[in-house]
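data05.txt, holding compact mmCIF, C-alpha atoms:
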# COMPACT_ATOMS: atom_id res chain seq x y z
CA MET A 1 -61.02 -82.11 -16.25
CA SER A 2 -58.23 -80.16 -17.88
CA LEU A 3 -58.27 -79.54 -21.62
CA LEU A 4 -54.47 -79.36 -21.71
CA GLU A 5 -52.16 -80.82 -19.07
CA LEU A 6 -48.36 -80.90 -18.81
CA ASN A 7 -46.63 -82.88 -16.06
CA GLY A 8 -42.89 -82.75 -15.42
CA VAL A 9 -41.95 -81.89 -19.00
CA GLU A 10 -38.22 -81.71 -19.69
CA THR A 11 -37.08 -80.67 -23.16
CA PHE A 12 -33.57 -80.47 -24.55
CA TYR A 13 -31.95 -78.90 -27.60
CA GLY A 14 -29.18 -81.40 -28.16
CA ALA A 15 -27.30 -81.60 -24.86
CA SER A 16 -28.68 -78.28 -23.59
CA GLN A 17 -31.70 -78.55 -21.32
CA ALA A 18 -34.34 -75.87 -21.92
CA LEU A 19 -37.27 -77.03 -19.75
CA PHE A 20 -36.92 -78.34 -16.22
CA GLY A 21 -39.99 -80.26 -15.07
CA VAL A 22 -42.66 -77.88 -16.39
CA SER A 23 -46.18 -78.61 -15.16
CA LEU A 24 -49.29 -76.62 -16.05
CA ASP A 25 -52.88 -77.09 -17.15
CA VAL A 26 -55.59 -75.23 -19.03
CA ARG A 27 -59.25 -75.94 -18.31
CA ALA A 28 -62.04 -75.55 -20.82
CA GLY A 29 -63.24 -71.96 -21.17
CA GLU A 30 -60.43 -70.28 -19.25
CA VAL A 31 -57.53 -68.00 -20.19
CA VAL A 32 -54.16 -69.06 -18.79
CA ALA A 33 -51.07 -66.85 -18.91
CA LEU A 34 -47.58 -68.31 -19.24
CA MET A 35 -45.07 -65.84 -17.85
CA GLY A 36 -41.35 -65.59 -17.26
CA ARG A 37 -38.23 -63.69 -18.20
CA ASN A 38 -36.57 -64.13 -21.57
CA GLY A 39 -34.79 -67.46 -21.81
CA MET A 40 -36.99 -69.18 -19.24
CA GLY A 41 -38.55 -71.51 -21.82
CA LYS A 42 -41.96 -70.03 -22.68
CA THR A 43 -41.65 -70.61 -26.43
CA THR A 44 -40.02 -74.00 -25.84
CA THR A 45 -43.03 -74.96 -23.71
CA ILE A 46 -45.35 -74.07 -26.59
CA ASN A 47 -43.14 -75.93 -29.07
CA SER A 48 -43.22 -78.98 -26.80
CA ILE A 49 -47.03 -78.89 -26.67
CA LEU A 50 -47.27 -78.67 -30.45
CA GLY A 51 -44.67 -81.34 -31.19
CA LEU A 52 -42.19 -78.85 -32.65
CA ALA A 53 -39.78 -79.82 -29.87
CA LYS A 54 -39.82 -83.34 -28.45
CA PRO A 55 -39.77 -83.65 -24.65
CA ARG A 56 -37.27 -86.14 -23.27
CA SER A 57 -39.43 -86.85 -20.23
CA GLY A 58 -42.79 -85.94 -18.73
CA SER A 59 -46.27 -86.12 -20.23
CA ILE A 60 -48.48 -83.84 -22.32
CA SER A 61 -52.18 -84.58 -22.79
CA PHE A 62 -54.79 -82.69 -24.78
CA GLY A 63 -58.46 -83.56 -24.51
CA GLY A 64 -57.53 -86.62 -22.46
CA ARG A 65 -55.18 -87.92 -25.15
CA GLN A 66 -51.41 -88.19 -24.84
CA VAL A 67 -49.82 -86.06 -27.57
CA ALA A 68 -46.11 -86.14 -26.64
CA GLY A 69 -44.31 -87.73 -29.57
CA MET A 70 -47.11 -87.10 -32.06
CA ARG A 71 -46.37 -85.24 -35.27
CA PRO A 72 -47.22 -81.51 -35.20
CA HIS A 73 -49.92 -81.65 -37.90
CA ARG A 74 -51.73 -84.44 -36.06
CA ILE A 75 -51.64 -82.48 -32.81
CA ALA A 76 -53.03 -79.41 -34.59
CA ARG A 77 -55.92 -81.46 -35.98
CA LEU A 78 -56.97 -82.35 -32.44
CA GLY A 79 -57.97 -78.72 -31.95
CA LEU A 80 -54.85 -76.70 -31.16
CA GLY A 81 -54.56 -73.35 -32.93
CA LEU A 82 -51.25 -71.47 -32.79
CA VAL A 83 -50.58 -67.77 -33.31
CA PRO A 84 -46.77 -67.90 -33.49
CA GLU A 85 -44.33 -65.27 -32.34
CA GLY A 86 -43.54 -63.09 -35.33
CA ARG A 87 -46.97 -63.72 -36.94
CA ARG A 88 -45.63 -65.73 -39.94
CA CYS A 89 -48.39 -64.83 -42.38
CA PHE A 90 -48.02 -65.91 -45.98
CA PRO A 91 -46.74 -62.62 -47.46
CA ASN A 92 -47.57 -63.44 -51.09
CA LEU A 93 -51.17 -64.40 -50.30
CA THR A 94 -53.97 -61.92 -49.74
CA VAL A 95 -55.70 -61.55 -46.39
CA LEU A 96 -58.60 -63.58 -47.74
CA GLU A 97 -56.31 -66.35 -49.02
CA ASN A 98 -54.43 -66.50 -45.69
CA LEU A 99 -57.70 -67.03 -43.84
CA LEU A 100 -59.23 -69.51 -46.27
CA ALA A 101 -56.03 -71.58 -46.29
CA ALA A 102 -56.77 -72.58 -42.69
CA ALA A 103 -60.56 -72.84 -42.91
CA ARG A 104 -62.13 -75.98 -41.45
CA GLY A 105 -65.72 -75.10 -42.41
CA SER A 106 -67.33 -75.06 -38.99
CA ALA A 107 -67.90 -72.53 -36.18
CA TRP A 108 -65.36 -69.92 -37.26
CA THR A 109 -66.20 -68.46 -40.65
CA LEU A 110 -64.70 -65.62 -42.64
CA GLU A 111 -67.61 -63.40 -41.62
CA LYS A 112 -67.02 -64.13 -37.94
CA VAL A 113 -63.30 -63.29 -38.20
CA VAL A 114 -64.12 -60.01 -39.98
CA GLU A 115 -66.62 -59.22 -37.22
CA LEU A 116 -63.81 -59.67 -34.68
CA PHE A 117 -61.34 -57.66 -36.80
CA PRO A 118 -63.29 -55.30 -39.12
CA ARG A 119 -60.04 -53.99 -40.56
CA LEU A 120 -59.44 -57.36 -42.24
CA GLY A 121 -62.64 -56.88 -44.21
CA GLU A 122 -61.24 -53.63 -45.56
CA ARG A 123 -57.93 -55.34 -46.43
CA ARG A 124 -59.28 -58.68 -47.68
CA ASP A 125 -57.72 -58.38 -51.17
CA GLN A 126 -54.43 -56.87 -49.98
CA TYR A 127 -51.27 -58.99 -49.84
CA ALA A 128 -50.36 -59.87 -46.26
CA GLY A 129 -46.75 -58.82 -46.83
CA THR A 130 -47.88 -55.22 -47.39
CA LEU A 131 -49.87 -54.97 -44.15
CA SER A 132 -48.71 -53.27 -40.98
CA GLY A 133 -47.44 -55.44 -38.14
CA GLY A 134 -50.70 -55.02 -36.25
CA GLU A 135 -52.79 -56.00 -39.26
CA GLN A 136 -50.58 -59.05 -39.84
CA GLN A 137 -51.18 -60.05 -36.23
CA MET A 138 -54.92 -59.82 -36.83
CA VAL A 139 -54.50 -62.09 -39.85
CA ALA A 140 -52.46 -64.56 -37.76
CA ILE A 141 -55.11 -64.68 -35.03
CA GLY A 142 -57.92 -64.94 -37.58
CA ARG A 143 -56.10 -67.74 -39.43
CA ALA A 144 -55.71 -69.72 -36.19
CA LEU A 145 -59.39 -69.21 -35.35
CA MET A 146 -60.42 -70.47 -38.81
CA THR A 147 -59.11 -73.89 -37.73
CA ASN A 148 -61.86 -73.90 -35.05
CA PRO A 149 -59.45 -74.58 -32.17
CA SER A 150 -60.54 -75.95 -28.84
CA LEU A 151 -57.45 -74.21 -27.45
CA LEU A 152 -55.95 -71.06 -28.96
CA ILE A 153 -52.26 -70.52 -28.18
CA LEU A 154 -50.94 -66.97 -28.50
CA ASP A 155 -47.15 -66.54 -28.40
CA GLU A 156 -46.25 -62.87 -27.81
CA ALA A 157 -49.58 -61.63 -29.14
CA THR A 158 -48.76 -57.91 -28.95
CA GLU A 159 -44.97 -57.85 -29.30
CA GLY A 160 -43.67 -54.89 -31.29
CA LEU A 161 -47.12 -53.42 -31.99
CA ALA A 162 -48.16 -49.79 -31.69
CA PRO A 163 -50.10 -49.00 -28.48
CA VAL A 164 -53.35 -48.33 -30.38
CA ILE A 165 -53.14 -51.67 -32.21
CA ARG A 166 -52.25 -53.47 -28.98
CA GLN A 167 -55.51 -52.24 -27.48
CA ASP A 168 -57.41 -53.64 -30.49
CA ILE A 169 -55.73 -57.03 -30.01
CA TRP A 170 -56.48 -57.09 -26.29
CA ALA A 171 -60.10 -56.10 -26.97
CA ALA A 172 -60.37 -59.07 -29.35
CA ILE A 173 -58.84 -61.39 -26.74
CA ARG A 174 -61.40 -60.20 -24.19
CA LYS A 175 -64.20 -60.93 -26.68
CA LEU A 176 -62.81 -64.41 -27.26
CA LYS A 177 -62.70 -64.99 -23.52
CA SER A 178 -66.30 -63.87 -23.09
CA SER A 179 -67.33 -66.31 -25.83
CA GLY A 180 -65.82 -69.20 -23.85
CA GLN A 181 -62.73 -69.73 -26.01
CA SER A 182 -59.92 -71.51 -24.14
CA ILE A 183 -56.65 -69.58 -24.49
CA LEU A 184 -53.02 -70.13 -23.47
CA ILE A 185 -51.21 -66.83 -23.86
CA VAL A 186 -47.61 -65.64 -23.58
CA ASP A 187 -47.08 -61.87 -23.43
CA LYS A 188 -44.87 -59.34 -21.66
CA THR A 189 -47.45 -56.56 -21.21
CA LEU A 190 -48.50 -57.47 -17.68
CA ALA A 191 -50.94 -54.55 -17.30
CA GLU A 192 -53.16 -56.01 -20.02
CA LEU A 193 -52.33 -59.69 -19.53
CA LEU A 194 -53.12 -60.11 -15.84
CA PRO A 195 -56.71 -58.76 -15.89
CA VAL A 196 -57.71 -61.08 -18.74
CA ALA A 197 -56.04 -64.22 -17.32
CA ASP A 198 -57.94 -66.56 -15.02
CA ARG A 199 -54.69 -68.17 -13.85
CA CYS A 200 -50.97 -67.60 -14.39
CA PHE A 201 -47.99 -69.94 -14.50
CA VAL A 202 -44.50 -68.49 -14.09
CA LEU A 203 -41.42 -70.22 -15.51
CA GLU A 204 -38.59 -69.47 -13.11
CA LYS A 205 -35.75 -71.68 -14.27
CA GLY A 206 -33.77 -71.89 -17.46
CA MET A 207 -30.39 -73.52 -18.03
CA LYS A 208 -28.70 -74.88 -14.91
CA GLY A 209 -26.34 -72.28 -13.46
CA LEU A 210 -28.00 -69.46 -15.39
CA SER A 211 -30.03 -66.83 -13.56
CA ALA A 212 -31.20 -63.29 -14.20
CA PRO A 213 -32.06 -61.50 -10.94
CA LYS A 214 -34.10 -58.34 -11.36
CA ILE A 215 -32.25 -55.03 -11.25
CA GLY A 216 -34.15 -52.58 -9.06
CA GLY A 217 -33.95 -48.87 -8.32
CA LYS A 218 -34.10 -47.78 -11.96
CA LEU A 219 -34.93 -44.20 -12.93
CA SER A 220 -35.31 -45.08 -16.62
CA LEU A 221 -37.15 -47.80 -18.58
CA ARG A 222 -39.09 -48.51 -15.41
CA ALA A 223 -41.91 -50.32 -17.23
CA SER A 224 -39.55 -53.09 -18.34
CA ILE A 225 -38.02 -55.80 -16.19
CA THR A 226 -34.24 -55.66 -16.51
CA GLY A 227 -32.20 -58.63 -15.35
CA GLU A 228 -28.55 -59.06 -14.48
CA VAL A 229 -27.27 -62.13 -16.33
CA VAL A 230 -25.42 -64.43 -13.92
CA MET A 231 -23.68 -67.59 -15.16
CA GLU A 232 -22.15 -70.02 -12.69
CA ASP A 233 -20.70 -73.32 -13.97
CA VAL A 234 -22.98 -73.20 -17.02
CA GLU A 235 -22.28 -76.11 -19.36
CA VAL A 236 -22.86 -75.49 -23.05
CA GLY A 237 -22.62 -78.43 -25.42
CA GLU A 238 -20.97 -78.33 -28.82
CA ASP A 239 -24.40 -78.63 -30.40
CA ALA A 240 -25.13 -75.10 -29.14
CA LEU A 241 -22.43 -73.61 -31.38
CA LEU A 242 -23.81 -71.39 -34.12
CA PRO A 243 -22.98 -73.01 -37.48
CA ASN A 244 -20.63 -71.01 -39.72
CA ALA A 245 -20.29 -68.28 -37.08
CA LYS A 246 -16.86 -66.83 -36.34
CA GLY A 247 -16.20 -64.89 -33.16
CA LEU A 248 -18.95 -62.50 -32.13
CA GLY A 249 -20.23 -62.13 -35.68
CA GLY A 250 -22.94 -64.76 -35.16
CA PRO A 251 -24.66 -63.36 -32.06
CA PHE A 252 -24.11 -59.81 -33.31
CA GLY A 253 -26.36 -60.70 -36.24
CA CYS A 254 -29.24 -60.81 -33.74
CA LEU A 255 -27.93 -57.71 -31.98
CA ASN A 256 -27.98 -55.76 -35.22
CA ARG A 257 -31.66 -56.57 -35.67
CA ALA A 258 -32.32 -55.22 -32.17
CA ARG A 259 -30.34 -52.06 -32.91
CA PHE A 260 -32.31 -51.56 -36.11
CA GLY A 261 -35.56 -51.84 -34.14
CA ILE A 262 -34.29 -49.27 -31.66
CA SER A 263 -33.71 -46.80 -34.48
CA TRP A 264 -37.46 -46.95 -35.16
CA GLY A 265 -38.56 -46.98 -31.52
CA SER A 266 -36.50 -43.93 -30.60
CA MET A 267 -38.14 -42.00 -33.43
CA GLY A 268 -41.52 -43.05 -32.07
CA ALA A 269 -40.69 -41.51 -28.70
CA ALA A 270 -39.40 -38.38 -30.45
CA GLU A 271 -42.59 -38.12 -32.50
CA ASP A 272 -44.73 -38.31 -29.38
CA CYS A 273 -42.66 -35.51 -27.80
CA TRP A 274 -43.11 -33.41 -30.94
CA HIS A 275 -46.89 -33.91 -30.99
CA ARG A 276 -47.16 -33.12 -27.29
CA ALA A 277 -45.03 -29.97 -27.62
CA ARG A 278 -47.12 -28.81 -30.59
CA GLN A 279 -50.40 -29.38 -28.75
CA TYR A 280 -49.09 -27.72 -25.59
CA GLY A 281 -48.05 -24.68 -27.63
CA LEU A 282 -51.53 -24.42 -29.16
CA ASP A 283 -53.31 -24.79 -25.82
CA ARG A 284 -51.04 -22.65 -23.64
CA LYS A 285 -51.81 -18.92 -23.80
CA GLN A 286 -49.23 -16.32 -22.80
CA PHE A 287 -49.73 -12.58 -23.09
CA GLY A 288 -53.03 -13.21 -24.83
CA LYS A 289 -51.72 -15.49 -27.60
CA PRO A 290 -50.77 -19.17 -27.95
CA LEU A 291 -47.13 -20.09 -27.36
CA ALA A 292 -47.23 -21.83 -30.74
CA GLY A 293 -47.72 -18.41 -32.34
CA THR A 294 -44.20 -17.27 -31.46
CA GLN A 295 -41.27 -17.50 -33.86
CA LEU A 296 -38.99 -19.34 -31.43
CA TYR A 297 -41.61 -21.99 -30.65
CA GLN A 298 -42.30 -22.63 -34.32
CA LYS A 299 -38.58 -22.82 -35.09
CA LYS A 300 -38.18 -25.53 -32.45
CA LEU A 301 -41.15 -27.47 -33.83
CA ALA A 302 -39.69 -27.25 -37.33
CA ASP A 303 -36.34 -28.58 -36.07
CA MET A 304 -38.11 -31.51 -34.40
CA GLN A 305 -40.16 -32.35 -37.49
CA THR A 306 -37.09 -32.21 -39.73
CA GLU A 307 -35.00 -34.58 -37.61
CA ILE A 308 -37.89 -37.04 -37.19
CA ALA A 309 -38.63 -37.11 -40.92
CA LEU A 310 -34.96 -37.65 -41.81
CA GLY A 311 -34.53 -40.34 -39.13
CA LEU A 312 -37.59 -42.30 -40.25
CA GLN A 313 -36.57 -42.12 -43.90
CA ALA A 314 -33.08 -43.36 -43.02
CA SER A 315 -34.45 -46.34 -41.09
CA LEU A 316 -36.89 -47.11 -43.88
CA ARG A 317 -34.06 -47.14 -46.42
CA VAL A 318 -31.94 -49.45 -44.26
CA GLY A 319 -34.94 -51.75 -43.84
CA ARG A 320 -35.42 -52.01 -47.57
CA LEU A 321 -31.72 -52.72 -48.08
CA LEU A 322 -32.02 -55.39 -45.39
CA ASP A 323 -34.88 -57.00 -47.32
CA GLU A 324 -32.76 -56.91 -50.49
CA GLY A 325 -29.73 -58.46 -48.76
CA LYS A 326 -27.64 -55.33 -49.37
CA MET A 327 -27.43 -54.02 -45.81
CA ALA A 328 -24.01 -53.44 -44.20
CA PRO A 329 -23.81 -53.48 -40.36
CA GLU A 330 -22.40 -49.95 -40.38
CA MET A 331 -25.70 -48.72 -41.79
CA ILE A 332 -27.43 -49.84 -38.62
CA SER A 333 -24.78 -48.05 -36.55
CA ILE A 334 -25.58 -44.85 -38.46
CA VAL A 335 -29.34 -44.98 -37.89
CA LYS A 336 -29.14 -46.27 -34.32
CA ARG A 337 -26.60 -43.61 -33.33
CA ASN A 338 -28.29 -40.77 -35.18
CA ASN A 339 -31.89 -41.53 -34.28
CA CYS A 340 -31.26 -42.16 -30.59
CA GLY A 341 -29.15 -39.03 -30.23
CA LYS A 342 -31.63 -36.86 -32.12
CA ALA A 343 -34.59 -38.35 -30.23
CA LEU A 344 -32.92 -37.50 -26.92
CA ASP A 345 -32.32 -33.93 -28.10
CA ILE A 346 -35.97 -33.64 -29.17
CA ALA A 347 -37.23 -34.96 -25.81
CA ARG A 348 -35.04 -32.48 -23.94
CA GLN A 349 -36.27 -29.67 -26.19
CA ALA A 350 -39.90 -30.70 -25.66
CA ARG A 351 -39.40 -30.68 -21.91
CA ASP A 352 -37.98 -27.17 -22.17
CA MET A 353 -40.92 -26.02 -24.33
CA HIS A 354 -43.35 -27.25 -21.66
CA GLY A 355 -41.68 -24.99 -19.09
CA GLY A 356 -42.30 -26.04 -15.50
CA ASN A 357 -45.04 -28.41 -16.62
CA GLY A 358 -42.40 -30.43 -18.47
CA ILE A 359 -41.33 -32.19 -15.28
CA GLN A 360 -44.85 -33.43 -14.51
CA ILE A 361 -45.58 -37.05 -15.36
CA GLY A 362 -48.93 -36.14 -16.91
CA TYR A 363 -47.18 -34.40 -19.80
CA HIS A 364 -44.95 -37.45 -20.48
CA VAL A 365 -42.04 -35.62 -22.14
CA MET A 366 -39.78 -36.03 -19.07
CA ARG A 367 -40.59 -39.75 -19.06
CA HIS A 368 -39.51 -40.00 -22.69
CA ALA A 369 -36.34 -38.03 -21.93
CA GLN A 370 -35.41 -40.35 -19.06
CA ASN A 371 -36.01 -43.46 -21.17
CA LEU A 372 -34.05 -42.06 -24.11
CA GLU A 373 -31.08 -41.36 -21.84
CA THR A 374 -30.86 -45.15 -21.52
CA VAL A 375 -31.78 -45.97 -25.12
CA ASN A 376 -28.93 -43.73 -26.26
CA THR A 377 -26.44 -45.97 -24.43
CA TYR A 378 -27.76 -49.52 -24.72
CA GLU A 379 -27.22 -51.92 -27.63
CA GLY A 380 -23.99 -50.02 -28.29
CA THR A 381 -23.44 -46.53 -26.92
CA HIS A 382 -23.40 -43.40 -29.06
CA ASP A 383 -19.59 -43.40 -28.89
CA VAL A 384 -19.17 -47.11 -29.65
CA HIS A 385 -21.17 -46.72 -32.84
CA ALA A 386 -18.94 -43.76 -33.70
CA LEU A 387 -15.94 -46.10 -33.41
CA ILE A 388 -17.65 -48.66 -35.65
CA LEU A 389 -18.13 -45.97 -38.28
CA GLY A 390 -14.61 -44.67 -37.78
CA ARG A 391 -13.18 -48.15 -38.36
CA ALA A 392 -15.24 -48.48 -41.54
CA GLN A 393 -13.86 -45.19 -42.84
CA THR A 394 -10.20 -45.57 -41.88
CA GLY A 395 -9.68 -49.31 -41.63
CA ILE A 396 -8.14 -48.74 -38.18
CA GLN A 397 -9.72 -50.26 -35.07
CA ALA A 398 -9.68 -47.79 -32.16
CA PHE A 399 -11.80 -49.60 -29.56
CA PHE A 400 -8.82 -50.10 -27.22

Kindly return the structure encoded in the file as structure tokens.
Amino acid sequence: MSLLELNGVETFYGASQALFGVSLDVRAGEVVALMGRNGMGKTTTINSILGLAKPRSGSISFGGRQVAGMRPHRIARLGLGLVPEGRRCFPNLTVLENLLAAARGSAWTLEKVVELFPRLGERRDQYAGTLSGGEQQMVAIGRALMTNPSLLILDEATEGLAPVIRQDIWAAIRKLKSSGQSILIVDKTLAELLPVADRCFVLEKGMKGLSAPKIGGKLSLRASITGEVVMEDVEVGEDALLPNAKGLGGPFGCLNRARFGISWGSMGAAEDCWHRARQYGLDRKQFGKPLAGTQLYQKKLADMQTEIALGLQASLRVGRLLDEGKMAPEMISIVKRNNCGKALDIARQARDMHGGNGIQIGYHVMRHAQNLETVNTYEGTHDVHALILGRAQTGIQAFF
């Protein structure tokens, strides 16, 4: 018997249909992956299960009980624990307070959560809002477990996390699986997701007339799935209009957040190139001495370190202004344009410093360089952001 079962679920947002006959099930003790491209309805499926979105047709049962139409808090009490996309910890509560707020006083105790995530024991009296993204994700998972769920639902469990932290999260998920915890998980990192999942369901359809066929033959960003957005006779109801949005200003609000994230990510790639170039220079001997002992090599390392430090500080300052509500969109253009361009220069320099070895995949710098060639041109090219800044300075629009 299935613990969770969906049959023919169709969910709408106003007149816009988001789910088209979704059927899936999760059996007790298994890990089920819910996969699909962006916009295919993964989060809407989770919201439908939890009562946050009301299906117009189809059935949803949990533990043999029909839950479609029930209020979210009643569904949660049946034994559904959610780790939402974006974590959503209580920032003004400590780690301990976040966990105790969800405690149900049964199998999952504070000690058991700390055993799963030892770092939370070290941070127990720290405010959740001051934690790193990875630590906040640990709090979110621990908080959901403190409700003693029969089924744990993870929505984008490792999104936006550093690779080292991602491995910690996946290790915890594997431990939960070995303990017999039932899990429904949404994640984009297929290399880690597929080995842990017992079964996978793929959502293939979104809005009628909307498709996103995969673009193949890429030489850059090969780890990601890139889709071509195709719209044919797509009907969008008036209820889909963004309130108070004029022109492209509304959707560009989301785009600016993405551009801001890219300013950080590009610096991460640059930093990896810098570390690899430094280590290569220390390990590689030429004429009886390390390459890192030459003036030219050290000058290049100093240039890299300087640009990375300045880029990170600039993004940090913009982030703080964003939190204070004082951020102007042109600030994001500055950091996106600068950091991507400088990161690309650093990757090229690192490849040069590796000599012939720089083109080998095992040294990674060429991979970073290829990816940054794309990052420098997506979400607004280097030149487009220059025009945004030029318009801000002169008041004259020169896009066309």

Give one line per residue of segment 145-229 of chain A that approaches segment 117-132 of chain A to at most 12 Å, naming the two atoms of the closest pair and their distance in Å to one decimal, counting only C-alpha atoms; sort by chain then ascending residue number and deliver it as a Markdown table.
| residue | atom | partner | partner_atom | distance |
| --- | --- | --- | --- | --- |
| A:Leu145 | CA | A:Phe117 | CA | 11.8 |
| A:Gly160 | CA | A:Ser132 | CA | 11.0 |
| A:Leu161 | CA | A:Ser132 | CA | 9.1 |
| A:Ala162 | CA | A:Ser132 | CA | 9.9 |
| A:Ile165 | CA | A:Ser132 | CA | 10.0 |
| A:Asp168 | CA | A:Phe117 | CA | 8.5 |
| A:Ile169 | CA | A:Phe117 | CA | 8.8 |
| A:Trp170 | CA | A:Phe117 | CA | 11.6 |
| A:Ala171 | CA | A:Phe117 | CA | 10.0 |
| A:Ala172 | CA | A:Phe117 | CA | 7.6 |
| A:Ile173 | CA | A:Phe117 | CA | 11.0 |
| A:Lys175 | CA | A:Phe117 | CA | 11.0 |
| A:Leu176 | CA | A:Phe117 | CA | 11.8 |

Can you tell me, as a PyMOL selection string, what residues are no more than 10 Å from segment 269-283 of chain A when counting only C-alpha atoms, ignoring any on the same chain fewer than 3 positions away? chain A and resi 264-266+286+289-294+297-298+300-305+307-309+339-340+342-354+357-358+363-369+371-372

Selected residues, C-alpha atoms, written as a PDB file, keeping the file's coordinate frame, please.
ATOM      1  CA  TRP A 264     -37.460 -46.950 -35.160  1.00  0.00           C
ATOM      2  CA  GLY A 265     -38.560 -46.980 -31.520  1.00  0.00           C
ATOM      3  CA  SER A 266     -36.500 -43.930 -30.600  1.00  0.00           C
ATOM      4  CA  GLN A 286     -49.230 -16.320 -22.800  1.00  0.00           C
ATOM      5  CA  LYS A 289     -51.720 -15.490 -27.600  1.00  0.00           C
ATOM      6  CA  PRO A 290     -50.770 -19.170 -27.950  1.00  0.00           C
ATOM      7  CA  LEU A 291     -47.130 -20.090 -27.360  1.00  0.00           C
ATOM      8  CA  ALA A 292     -47.230 -21.830 -30.740  1.00  0.00           C
ATOM      9  CA  GLY A 293     -47.720 -18.410 -32.340  1.00  0.00           C
ATOM     10  CA  THR A 294     -44.200 -17.270 -31.460  1.00  0.00           C
ATOM     11  CA  TYR A 297     -41.610 -21.990 -30.650  1.00  0.00           C
ATOM     12  CA  GLN A 298     -42.300 -22.630 -34.320  1.00  0.00           C
ATOM     13  CA  LYS A 300     -38.180 -25.530 -32.450  1.00  0.00           C
ATOM     14  CA  LEU A 301     -41.150 -27.470 -33.830  1.00  0.00           C
ATOM     15  CA  ALA A 302     -39.690 -27.250 -37.330  1.00  0.00           C
ATOM     16  CA  ASP A 303     -36.340 -28.580 -36.070  1.00  0.00           C
ATOM     17  CA  MET A 304     -38.110 -31.510 -34.400  1.00  0.00           C
ATOM     18  CA  GLN A 305     -40.160 -32.350 -37.490  1.00  0.00           C
ATOM     19  CA  GLU A 307     -35.000 -34.580 -37.610  1.00  0.00           C
ATOM     20  CA  ILE A 308     -37.890 -37.040 -37.190  1.00  0.00           C
ATOM     21  CA  ALA A 309     -38.630 -37.110 -40.920  1.00  0.00           C
ATOM     22  CA  ASN A 339     -31.890 -41.530 -34.280  1.00  0.00           C
ATOM     23  CA  CYS A 340     -31.260 -42.160 -30.590  1.00  0.00           C
ATOM     24  CA  LYS A 342     -31.630 -36.860 -32.120  1.00  0.00           C
ATOM     25  CA  ALA A 343     -34.590 -38.350 -30.230  1.00  0.00           C
ATOM     26  CA  LEU A 344     -32.920 -37.500 -26.920  1.00  0.00           C
ATOM     27  CA  ASP A 345     -32.320 -33.930 -28.100  1.00  0.00           C
ATOM     28  CA  ILE A 346     -35.970 -33.640 -29.170  1.00  0.00           C
ATOM     29  CA  ALA A 347     -37.230 -34.960 -25.810  1.00  0.00           C
ATOM     30  CA  ARG A 348     -35.040 -32.480 -23.940  1.00  0.00           C
ATOM     31  CA  GLN A 349     -36.270 -29.670 -26.190  1.00  0.00           C
ATOM     32  CA  ALA A 350     -39.900 -30.700 -25.660  1.00  0.00           C
ATOM     33  CA  ARG A 351     -39.400 -30.680 -21.910  1.00  0.00           C
ATOM     34  CA  ASP A 352     -37.980 -27.170 -22.170  1.00  0.00           C
ATOM     35  CA  MET A 353     -40.920 -26.020 -24.330  1.00  0.00           C
ATOM     36  CA  HIS A 354     -43.350 -27.250 -21.660  1.00  0.00           C
ATOM     37  CA  ASN A 357     -45.040 -28.410 -16.620  1.00  0.00           C
ATOM     38  CA  GLY A 358     -42.400 -30.430 -18.470  1.00  0.00           C
ATOM     39  CA  TYR A 363     -47.180 -34.400 -19.800  1.00  0.00           C
ATOM     40  CA  HIS A 364     -44.950 -37.450 -20.480  1.00  0.00           C
ATOM     41  CA  VAL A 365     -42.040 -35.620 -22.140  1.00  0.00           C
ATOM     42  CA  MET A 366     -39.780 -36.030 -19.070  1.00  0.00           C
ATOM     43  CA  ARG A 367     -40.590 -39.750 -19.060  1.00  0.00           C
ATOM     44  CA  HIS A 368     -39.510 -40.000 -22.690  1.00  0.00           C
ATOM     45  CA  ALA A 369     -36.340 -38.030 -21.930  1.00  0.00           C
ATOM     46  CA  ASN A 371     -36.010 -43.460 -21.170  1.00  0.00           C
ATOM     47  CA  LEU A 372     -34.050 -42.060 -24.110  1.00  0.00           C
TER      48      LEU A 372
END

Is it possible to get the residues within 9 Å of (-45.9, -51.5, -11.8) (coordinates as in the file, counting only C-alpha atoms) written as JSON, numbers by chain? {"A": [190, 191, 222, 223]}

Would you save the residues from that selection as a tab-separated table (two decimals), in the coordinates of the input, using C-alpha atoms?
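Result written to result.tsv:
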chain	number	residue	atom	x	y	z
A	190	LEU	CA	-48.50	-57.47	-17.68
A	191	ALA	CA	-50.94	-54.55	-17.30
A	222	ARG	CA	-39.09	-48.51	-15.41
A	223	ALA	CA	-41.91	-50.32	-17.23

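For the atom pair formed by atom CA of Ala53 of chain A and atom CA of Glu235 of chain A, the distance is 20.7 Å, given to one decimal.
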
Let me make sure I understand: among A:Phe62, A:Phe287, A:Phe90, A:Phe12, which one has the smallest atom-to-atom distance to Val26 of chain A if we use only C-alpha atoms?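 Closest residue, counting only C-alpha atoms: A:Phe62.
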
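Going from atom CA of Ser57 of chain A to atom CA of Gly14 of chain A covers 14.1 Å.
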
By how many Å are atom CA of Gln313 of chain A and atom CA of Leu255 of chain A apart? 21.4 Å

What's around Arg174 of chain A at 10 Å? Count all atoms listed in the file, leave out sequence neighbours fewer than 4 positions away in its own chain, and write the answer as a count of residues only. 10
